[in-house]
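Engineer: Sharing a structure here in structure tokens format.
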Amino acid sequence: MRSWSITLPRSATLCPAAPNYISGSHAGKAVWVRRAENGWPEGGRRLFELFTSAERGIPAAWRRIEFEKKSHRLMAPPLVYDSVMIKTEKVLHLRSCKGKSVRVVREHYLRQSVPCNSSLCQAECHNEGKLLSESATHYVIPDWKVVQDYLEILEFPELRGIVFMQTACQAVQHQKGRRHYNKLRNLLKDARHECVLFFNEFQLYSYVPRDQGESLEKWQTRCIYYATVWYYNHLAGLMPVVMVTEDPEAIQKYGSETDGVFVVSFKSYLENFWPDLEAVHQLYDSIVQSRKERESENQEKNGKEYSEHLPLEILEAGIKSGRYVQGVLNVNKHRSQLEAFVRTQGFTNKKSELEMDILICGTKARNRAIQGDVVAVELLPRNEWKGRVSVLCENESEEKTAEETESEPMATGKVVGIIQRNWRDYVASFPPKEDIQSQGKNVRKILVTPWDYRIPRIRISTQQAESLQNCRIIVRIDSWDSTSLYPNGHFVKVLGRAGDLETEIAAILVENSISVSPFSEAQLREMPVNTPENPWKVDTEEQAQRVDLRNTHLVFSIDPKGCEDVDDALSVRRLANDNLELGVHIADVTHFVKFNSYTDLEARSRATTCYLADRRYDMLPSILSADLCSLLGGADRYAVSVLWELDKTNYEVVKVWFGRTIIKSAYKMYYEAAQALLDGELRVMDDIPELKGREEKDKHRILNDLIWAIEKLTDIARHIRAKRALGGALELEGIELRVQLDEKKNISDLVPKQPLEVHQTVAECMILANHWVAKKITENLPHQALLRRHPPPQQEFFTELIDCAKAKGFKIDTRSNKALADSLDMAEDPDDPEVNKLLRSMATQAMSNALYFSTGSCTEDEYYHYGLALEKYTHFTSPIRRYADIVVHRLLMAAIKKDEKLEPEDSLLSNKALTELCQHINNKNRAAQCVQKQSIELFQCMYFKDKDPSDERCIADGIIYSIRANGVLVFVPRYSIKAPAFLKNKEGLVISAHPDGSCVWKPGFLKRLRDKIISTTVDGGSVTFSLFDHITVRISELSSRSHPDSIKLDIINNQPYSRTNTEPMHEPSHSSKTDLIRDVIRSVEEAQLAQEHAKSTSVRDEDKEYCQTKGNSLYLLLEEIKELALLDVTVG
């Protein structure tokens, strides 16, 4: 039967214990009810009148009950409410932007069919997703206050069978803020934790309205209790239910009211149900102690250390009017006590014309804001503006000295309020014993030092300070009052002993909010089976729906050595019409990972595979990432393929096809082997596992086919790249380092990644696939496609690059990506190839971050990818390790279905939901990049730790790339290290050089100029260090008790380091290959100019007849380039 709305008075109550009763005081109010089998509900008196269906247009099975004015209780036979939805009202007391209290009345709908999410359900609720297990000894329902204050305890996986009521979740959302609420949402989504959400305020019998005069807190507790009783009765008493609360009145009132429902304090619950969980009890004590001391401190201290934050409504009004500026606080980790910046990018401020960051000088002006907080800033008068300090410092606590110089004044301000706190878990260390004793008699209060220089010291209460002296711990901030110099927090748990590899890795992961918990049983149960006893096979029905490429295409993959998660494979073949067919084949992850499955939700939460220097943490279970989704050699695999038909002469795309396929990769090669084949070195055939055991004749035949394919792919990639370069694509320089480990996992060497042309070949094919998929999904799904954009960088970020290039006589034009690319190509020093690499590296540093976005949230002119010079771009080629690619695969399948006029297999995300998902993925990607960078820095430090200073491996050539007031910044190509080198030490001595170049410390002074710095000693000697000078440095590790270790560089000679025979040589082929690609670009430009010139000149009759132009044609030029590409350009 169709569902009809029932209008219920706000004061009416449906008793949870006896739902057949309706009680309350109602004056002329009406309720529509449905006829039951036993007739109409009637009591001792007739309290309602009947209307015929003709009068009201209501089905005959329905009648209206008209209540009398006086209070009554109406006994009714069992009613059928399955198709009933009651419309009532909910009163909210909100505060306006002017601070005025506003009463808001909203419609509120109640229904009976609300999922309970328990496997013990006796009412056949429509339960989906996570269910509470039958094996739990009890279910626990936390009160709203418990969820607010002790959520991190409820996150322990040992605590099972937790039911979070909607009332408690809304209390967290409205009273604790977005960050706390998102943690709760993530906990509910996490399949590893046995907890569910019950919408008690939508359930017909569990919801109770707020009485007149009842406080919000009391109503929330009462609401949760009534829902607890309903939940127990709903499960027919099969499972005891414990409600935990911090309200003693609720414990006294409800403690013995209902058999089977226990109402106890949270402390009592932990002591009686979980007495052996020591970590839980320690955390509970830490939170309670922190709260007590915070309350006590607030009562005792009246003096304010900081200004009070302005109310949110005033901040919002001020931002709209332009008085205040909104942005994200970014603290300078090298001078965390002195400098912070508020980045306004991404925030719109009316009447604000600021294009640069705002400088915040000192902790007072920062006003309790912490790294990452969204803040409101008030600009200071222009005469109070200051500049950045340009001095190097070893210790972030060093005070500013009088001789330090500042740069040009910039916009300077002070924080007047916090828009959004972004507190997280912080890794910290206890101070030395002597510092603990000096902090006072009450040693329970300890100031711990965070691992991150940018975070202030945090006051916690603990009695474990001495026993955990050499450990790294996790702490959380609870508050930071205006009367306190430091934020208050509490101890969470111990990570391990400082200095141990696993502890340091765990610290890096925690600092970047990366979760690496094992996949849950629920997720693993969704996985297909592939064992020797039960091997996975291609499904017959699935095969019928796919294009089978196993016998028609030579498919192969090219990946780094040891790669297990092979996302992509390539193919190229000649068609019957002599055109070429280029194929990019990507693992079909979405076949195995269904939308909104446990595995999908976990992958969405992780967002990306996290790569560290010595390990990786997968986004998907290994059965998929390293097996069934990995395009391994000789294995049948499902794929999503993009096939282009390319013109045989100019490689222009004739047509393109997208679809699901079955492939069998013939060869799994690594980059070095593919490059060797491209260079004609056949001895690498032994490194291709699929060739082992074959006859010599077959090997050479296969190699000929493989070499042809690799050469053709390379040729195609050169021309595709040349075409992008004409549009302004940038060739930037990234610093990549590979950590070599021996059999015992010890670091044997640090090796910079050697760029190969085959790297560019594979990358260009992937870029092409991503570009065409982006065009396809935006064409068919214009308002809900996931793309990737790269905004143009802010011009002020190019200042250092322009100044450095000027020192070498080069001019860098940054007006557009094309101008920048051309400038970098021209900035070549024939005597020093490292100059161009450094300039490109600095250009990379100046770039803004590329971001995922929903097309419904941006205008089309914002789609542009600045670095790749493409109008539309997305990520499609790595679904094993990027969740964005999984989303794009689903969008591509939906676009294909739309072409076929069919419904998509998976429901598509709305623009709003996709925008939120993109923001989440962007944050996770940024965190994963930081983890990778910090892990490499960790291994760099470990490599040099305990090495003798005279060890030859600690001496290397360095290049100066930036000048500071008391030193220089140096790049060490051998180890891809960037670090400061001081020209003035803590004792005030400056560096001096002997005639042979060896350096010593002497009294003197420094003079800094635009592109150099001069060190002059008191005896008249001087030495000059200029930009791009090569110097000899000694590399050592600088240990820190509380912070991550760092690299220290000491200048030991002002001359370049002379490499010994034991030093590894860099391969010279890269620059030659790059020159070749540039020749291709220049030739294509000339060809285009020739064609344009031909169009503007008169055409002879014979030219018309044979469709020819005067001069060299584009075809002939490209053929010449093709022949050039086959020459060995590395000789000489």
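Lettering and numbering for the structure tokens are positional, with chains as A, B, ... in the shown order, residues counted from 1 in each chain, and ligands counted from 1 in the shown order.
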Set the distance at 12 Å and use only C-alpha atoms: which residues neighbour Leu706 in chain A once local chain neighbours fewer than 6 positions away are removed? I'd like the list as a PDB file with N, CA and C atoms, in the first residue's frame.
Structural biologist:
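Full text of out_28.pdb as output:
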```pdb
ATOM      1  N   HIS A 553      47.071  -9.289 -29.657  1.00  0.00           N
ATOM      2  CA  HIS A 553      47.923  -8.156 -29.300  1.00  0.00           C
ATOM      3  C   HIS A 553      49.144  -8.623 -28.510  1.00  0.00           C
ATOM      4  N   LEU A 554      50.298  -8.053 -28.840  1.00  0.00           N
ATOM      5  CA  LEU A 554      51.503  -8.259 -28.043  1.00  0.00           C
ATOM      6  C   LEU A 554      51.485  -7.224 -26.920  1.00  0.00           C
ATOM      7  N   VAL A 555      51.117  -7.677 -25.735  1.00  0.00           N
ATOM      8  CA  VAL A 555      50.975  -6.792 -24.581  1.00  0.00           C
ATOM      9  C   VAL A 555      52.152  -7.035 -23.637  1.00  0.00           C
ATOM     10  N   PHE A 556      52.739  -5.970 -23.128  1.00  0.00           N
ATOM     11  CA  PHE A 556      53.852  -6.101 -22.179  1.00  0.00           C
ATOM     12  C   PHE A 556      53.831  -4.918 -21.220  1.00  0.00           C
ATOM     13  N   SER A 557      54.500  -5.088 -20.086  1.00  0.00           N
ATOM     14  CA  SER A 557      54.560  -4.022 -19.080  1.00  0.00           C
ATOM     15  C   SER A 557      56.007  -3.624 -18.850  1.00  0.00           C
ATOM     16  N   ILE A 558      56.210  -2.372 -18.478  1.00  0.00           N
ATOM     17  CA  ILE A 558      57.539  -1.847 -18.141  1.00  0.00           C
ATOM     18  C   ILE A 558      57.410  -1.138 -16.804  1.00  0.00           C
ATOM     19  N   LEU A 570      51.214  -2.099 -22.096  1.00  0.00           N
ATOM     20  CA  LEU A 570      51.180  -1.387 -23.369  1.00  0.00           C
ATOM     21  C   LEU A 570      51.138  -2.369 -24.537  1.00  0.00           C
ATOM     22  N   SER A 571      50.673  -1.890 -25.653  1.00  0.00           N
ATOM     23  CA  SER A 571      50.729  -2.672 -26.892  1.00  0.00           C
ATOM     24  C   SER A 571      50.782  -1.709 -28.062  1.00  0.00           C
ATOM     25  N   VAL A 572      51.395  -2.153 -29.150  1.00  0.00           N
ATOM     26  CA  VAL A 572      51.408  -1.389 -30.384  1.00  0.00           C
ATOM     27  C   VAL A 572      51.492  -2.397 -31.527  1.00  0.00           C
ATOM     28  N   ARG A 573      50.732  -2.168 -32.566  1.00  0.00           N
ATOM     29  CA  ARG A 573      50.750  -3.076 -33.722  1.00  0.00           C
ATOM     30  C   ARG A 573      50.378  -2.291 -34.973  1.00  0.00           C
ATOM     31  N   ALA A 666      52.574 -10.527 -22.210  1.00  0.00           N
ATOM     32  CA  ALA A 666      53.586 -11.487 -22.649  1.00  0.00           C
ATOM     33  C   ALA A 666      54.882 -11.335 -21.866  1.00  0.00           C
ATOM     34  N   TYR A 667      55.229 -10.090 -21.501  1.00  0.00           N
ATOM     35  CA  TYR A 667      56.509  -9.851 -20.839  1.00  0.00           C
ATOM     36  C   TYR A 667      56.350  -8.791 -19.758  1.00  0.00           C
ATOM     37  N   LYS A 668      56.968  -9.064 -18.620  1.00  0.00           N
ATOM     38  CA  LYS A 668      57.025  -8.098 -17.515  1.00  0.00           C
ATOM     39  C   LYS A 668      58.469  -7.620 -17.423  1.00  0.00           C
ATOM     40  N   MET A 669      58.725  -6.454 -17.996  1.00  0.00           N
ATOM     41  CA  MET A 669      60.085  -5.922 -18.042  1.00  0.00           C
ATOM     42  C   MET A 669      60.268  -4.814 -17.021  1.00  0.00           C
ATOM     43  N   ALA A 673      65.934  -2.856 -18.429  1.00  0.00           N
ATOM     44  CA  ALA A 673      65.958  -3.853 -19.504  1.00  0.00           C
ATOM     45  C   ALA A 673      65.350  -3.287 -20.782  1.00  0.00           C
ATOM     46  N   ALA A 674      64.230  -2.567 -20.646  1.00  0.00           N
ATOM     47  CA  ALA A 674      63.593  -1.970 -21.823  1.00  0.00           C
ATOM     48  C   ALA A 674      64.501  -0.928 -22.464  1.00  0.00           C
ATOM     49  N   GLN A 675      65.197  -0.138 -21.634  1.00  0.00           N
ATOM     50  CA  GLN A 675      66.118   0.860 -22.175  1.00  0.00           C
ATOM     51  C   GLN A 675      67.276   0.187 -22.896  1.00  0.00           C
ATOM     52  N   ALA A 676      67.766  -0.916 -22.334  1.00  0.00           N
ATOM     53  CA  ALA A 676      68.863  -1.643 -22.977  1.00  0.00           C
ATOM     54  C   ALA A 676      68.432  -2.171 -24.342  1.00  0.00           C
ATOM     55  N   LEU A 677      67.218  -2.703 -24.439  1.00  0.00           N
ATOM     56  CA  LEU A 677      66.719  -3.171 -25.729  1.00  0.00           C
ATOM     57  C   LEU A 677      66.580  -2.004 -26.706  1.00  0.00           C
ATOM     58  N   LEU A 678      66.136  -0.865 -26.209  1.00  0.00           N
ATOM     59  CA  LEU A 678      66.011   0.330 -27.055  1.00  0.00           C
ATOM     60  C   LEU A 678      67.375   0.760 -27.569  1.00  0.00           C
ATOM     61  N   GLY A 680      69.788  -1.299 -28.145  1.00  0.00           N
ATOM     62  CA  GLY A 680      70.375  -2.382 -28.937  1.00  0.00           C
ATOM     63  C   GLY A 680      71.223  -3.358 -28.158  1.00  0.00           C
ATOM     64  N   LEU A 682      71.409  -6.623 -26.469  1.00  0.00           N
ATOM     65  CA  LEU A 682      70.601  -7.843 -26.414  1.00  0.00           C
ATOM     66  C   LEU A 682      70.951  -8.737 -25.233  1.00  0.00           C
ATOM     67  N   MET A 685      68.426 -10.058 -22.383  1.00  0.00           N
ATOM     68  CA  MET A 685      67.338 -11.008 -22.567  1.00  0.00           C
ATOM     69  C   MET A 685      67.238 -11.983 -21.395  1.00  0.00           C
ATOM     70  N   ILE A 688      64.696 -11.015 -18.662  1.00  0.00           N
ATOM     71  CA  ILE A 688      63.264 -11.085 -18.929  1.00  0.00           C
ATOM     72  C   ILE A 688      62.808 -12.499 -18.606  1.00  0.00           C
ATOM     73  N   LEU A 691      61.440 -15.218 -21.095  1.00  0.00           N
ATOM     74  CA  LEU A 691      62.284 -15.762 -22.160  1.00  0.00           C
ATOM     75  C   LEU A 691      63.124 -16.942 -21.692  1.00  0.00           C
ATOM     76  N   LYS A 699      64.019 -17.011 -29.034  1.00  0.00           N
ATOM     77  CA  LYS A 699      64.399 -15.816 -28.282  1.00  0.00           C
ATOM     78  C   LYS A 699      64.651 -14.629 -29.206  1.00  0.00           C
ATOM     79  N   HIS A 700      65.402 -14.865 -30.269  1.00  0.00           N
ATOM     80  CA  HIS A 700      65.734 -13.761 -31.172  1.00  0.00           C
ATOM     81  C   HIS A 700      64.510 -13.286 -31.938  1.00  0.00           C
ATOM     82  N   LYS A 712      58.884   1.613 -31.570  1.00  0.00           N
ATOM     83  CA  LYS A 712      57.718   2.301 -32.115  1.00  0.00           C
ATOM     84  C   LYS A 712      57.012   3.101 -31.022  1.00  0.00           C
ATOM     85  N   LEU A 713      56.901   2.527 -29.837  1.00  0.00           N
ATOM     86  CA  LEU A 713      56.304   3.260 -28.719  1.00  0.00           C
ATOM     87  C   LEU A 713      57.109   4.519 -28.408  1.00  0.00           C
TER      88      LEU A 713
END
```
Engineer: Can you pull out the residues contacting Cys361 in chain A? Cut-off 10 Å, using only C-alpha atoms, and skip same-chain residues under 5 positions away; I want them as a PyMOL selection string.
Structural biologist: chain A and resi 336-341+366+385-388+412-414
Engineer: Excluding Ser1046 in chain A and any residue of its chain fewer than 4 positions from it, enumerate the residues within 9 Å of it, using only C-alpha atoms, and give them as number ranges by chain.
Structural biologist: A: 937-938, 940-941, 979, 1036-1040
Engineer: Next, write the just-selected residues to a file, as an mmCIF file, in the first residue's frame, keeping N, CA and C atoms as the atom set.
Structural biologist:
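result-v3.cif, written as the output of this step:
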```cif
data_model
loop_
_atom_site.group_PDB
_atom_site.id
_atom_site.type_symbol
_atom_site.label_atom_id
_atom_site.label_comp_id
_atom_site.auth_asym_id
_atom_site.auth_seq_id
_atom_site.Cartn_x
_atom_site.Cartn_y
_atom_site.Cartn_z
ATOM 1 N N GLU A 937 64.390 10.999 3.924
ATOM 2 C CA GLU A 937 65.266 11.787 4.795
ATOM 3 C C GLU A 937 65.726 10.977 5.998
ATOM 4 N N LEU A 938 64.851 10.116 6.524
ATOM 5 C CA LEU A 938 65.223 9.247 7.642
ATOM 6 C C LEU A 938 66.345 8.297 7.240
ATOM 7 N N GLN A 940 68.430 8.680 4.736
ATOM 8 C CA GLN A 940 69.645 9.454 4.485
ATOM 9 C C GLN A 940 70.420 9.655 5.784
ATOM 10 N N CYS A 941 69.693 9.997 6.845
ATOM 11 C CA CYS A 941 70.351 10.197 8.150
ATOM 12 C C CYS A 941 70.921 8.884 8.690
ATOM 13 N N ALA A 979 70.613 20.862 1.827
ATOM 14 C CA ALA A 979 70.782 21.196 3.246
ATOM 15 C C ALA A 979 71.588 22.487 3.360
ATOM 16 N N SER A 1036 77.293 14.700 7.523
ATOM 17 C CA SER A 1036 77.152 13.969 8.795
ATOM 18 C C SER A 1036 75.701 14.045 9.253
ATOM 19 N N GLU A 1037 75.393 13.258 10.257
ATOM 20 C CA GLU A 1037 74.030 13.237 10.796
ATOM 21 C C GLU A 1037 73.963 14.102 12.047
ATOM 22 N N LEU A 1038 72.916 14.910 12.138
ATOM 23 C CA LEU A 1038 72.711 15.759 13.302
ATOM 24 C C LEU A 1038 71.555 15.176 14.110
ATOM 25 N N SER A 1039 71.871 14.582 15.261
ATOM 26 C CA SER A 1039 70.855 13.900 16.060
ATOM 27 C C SER A 1039 70.064 14.888 16.894
ATOM 28 N N SER A 1040 68.809 14.520 17.173
ATOM 29 C CA SER A 1040 67.935 15.337 18.015
ATOM 30 C C SER A 1040 67.160 14.419 18.946
#
```
Engineer: As an exercise, work out the distance from CA of Pro487 in chain A to CA of Pro456 in chain A in Å and give it to one decimal place.
Structural biologist: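 CA of Pro456 in chain A lies 7.8 Å from CA of Pro487 in chain A.
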Engineer: Could you check how far CA of Val389 in chain A sits from CA of Glu408 in chain A, in Å to one decimal?
Structural biologist: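 For CA of Val389 in chain A relative to CA of Glu408 in chain A, the distance reads 9.7 Å.
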Engineer: Hey, which of A:Asn579, A:Thr540, A:Gln112, A:Ser597 ends up closest to Arg525 in chain A? Count only C-alpha atoms.
Structural biologist: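 Looking at the shortest contact to Arg525 in chain A, the residue is A:Ser597.
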Engineer: For CA of Leu154 in chain A and CA of Arg291 in chain A, quote the distance in Å rounded to one decimal.
Structural biologist: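 Separation of CA of Leu154 in chain A and CA of Arg291 in chain A: 17.9 Å.
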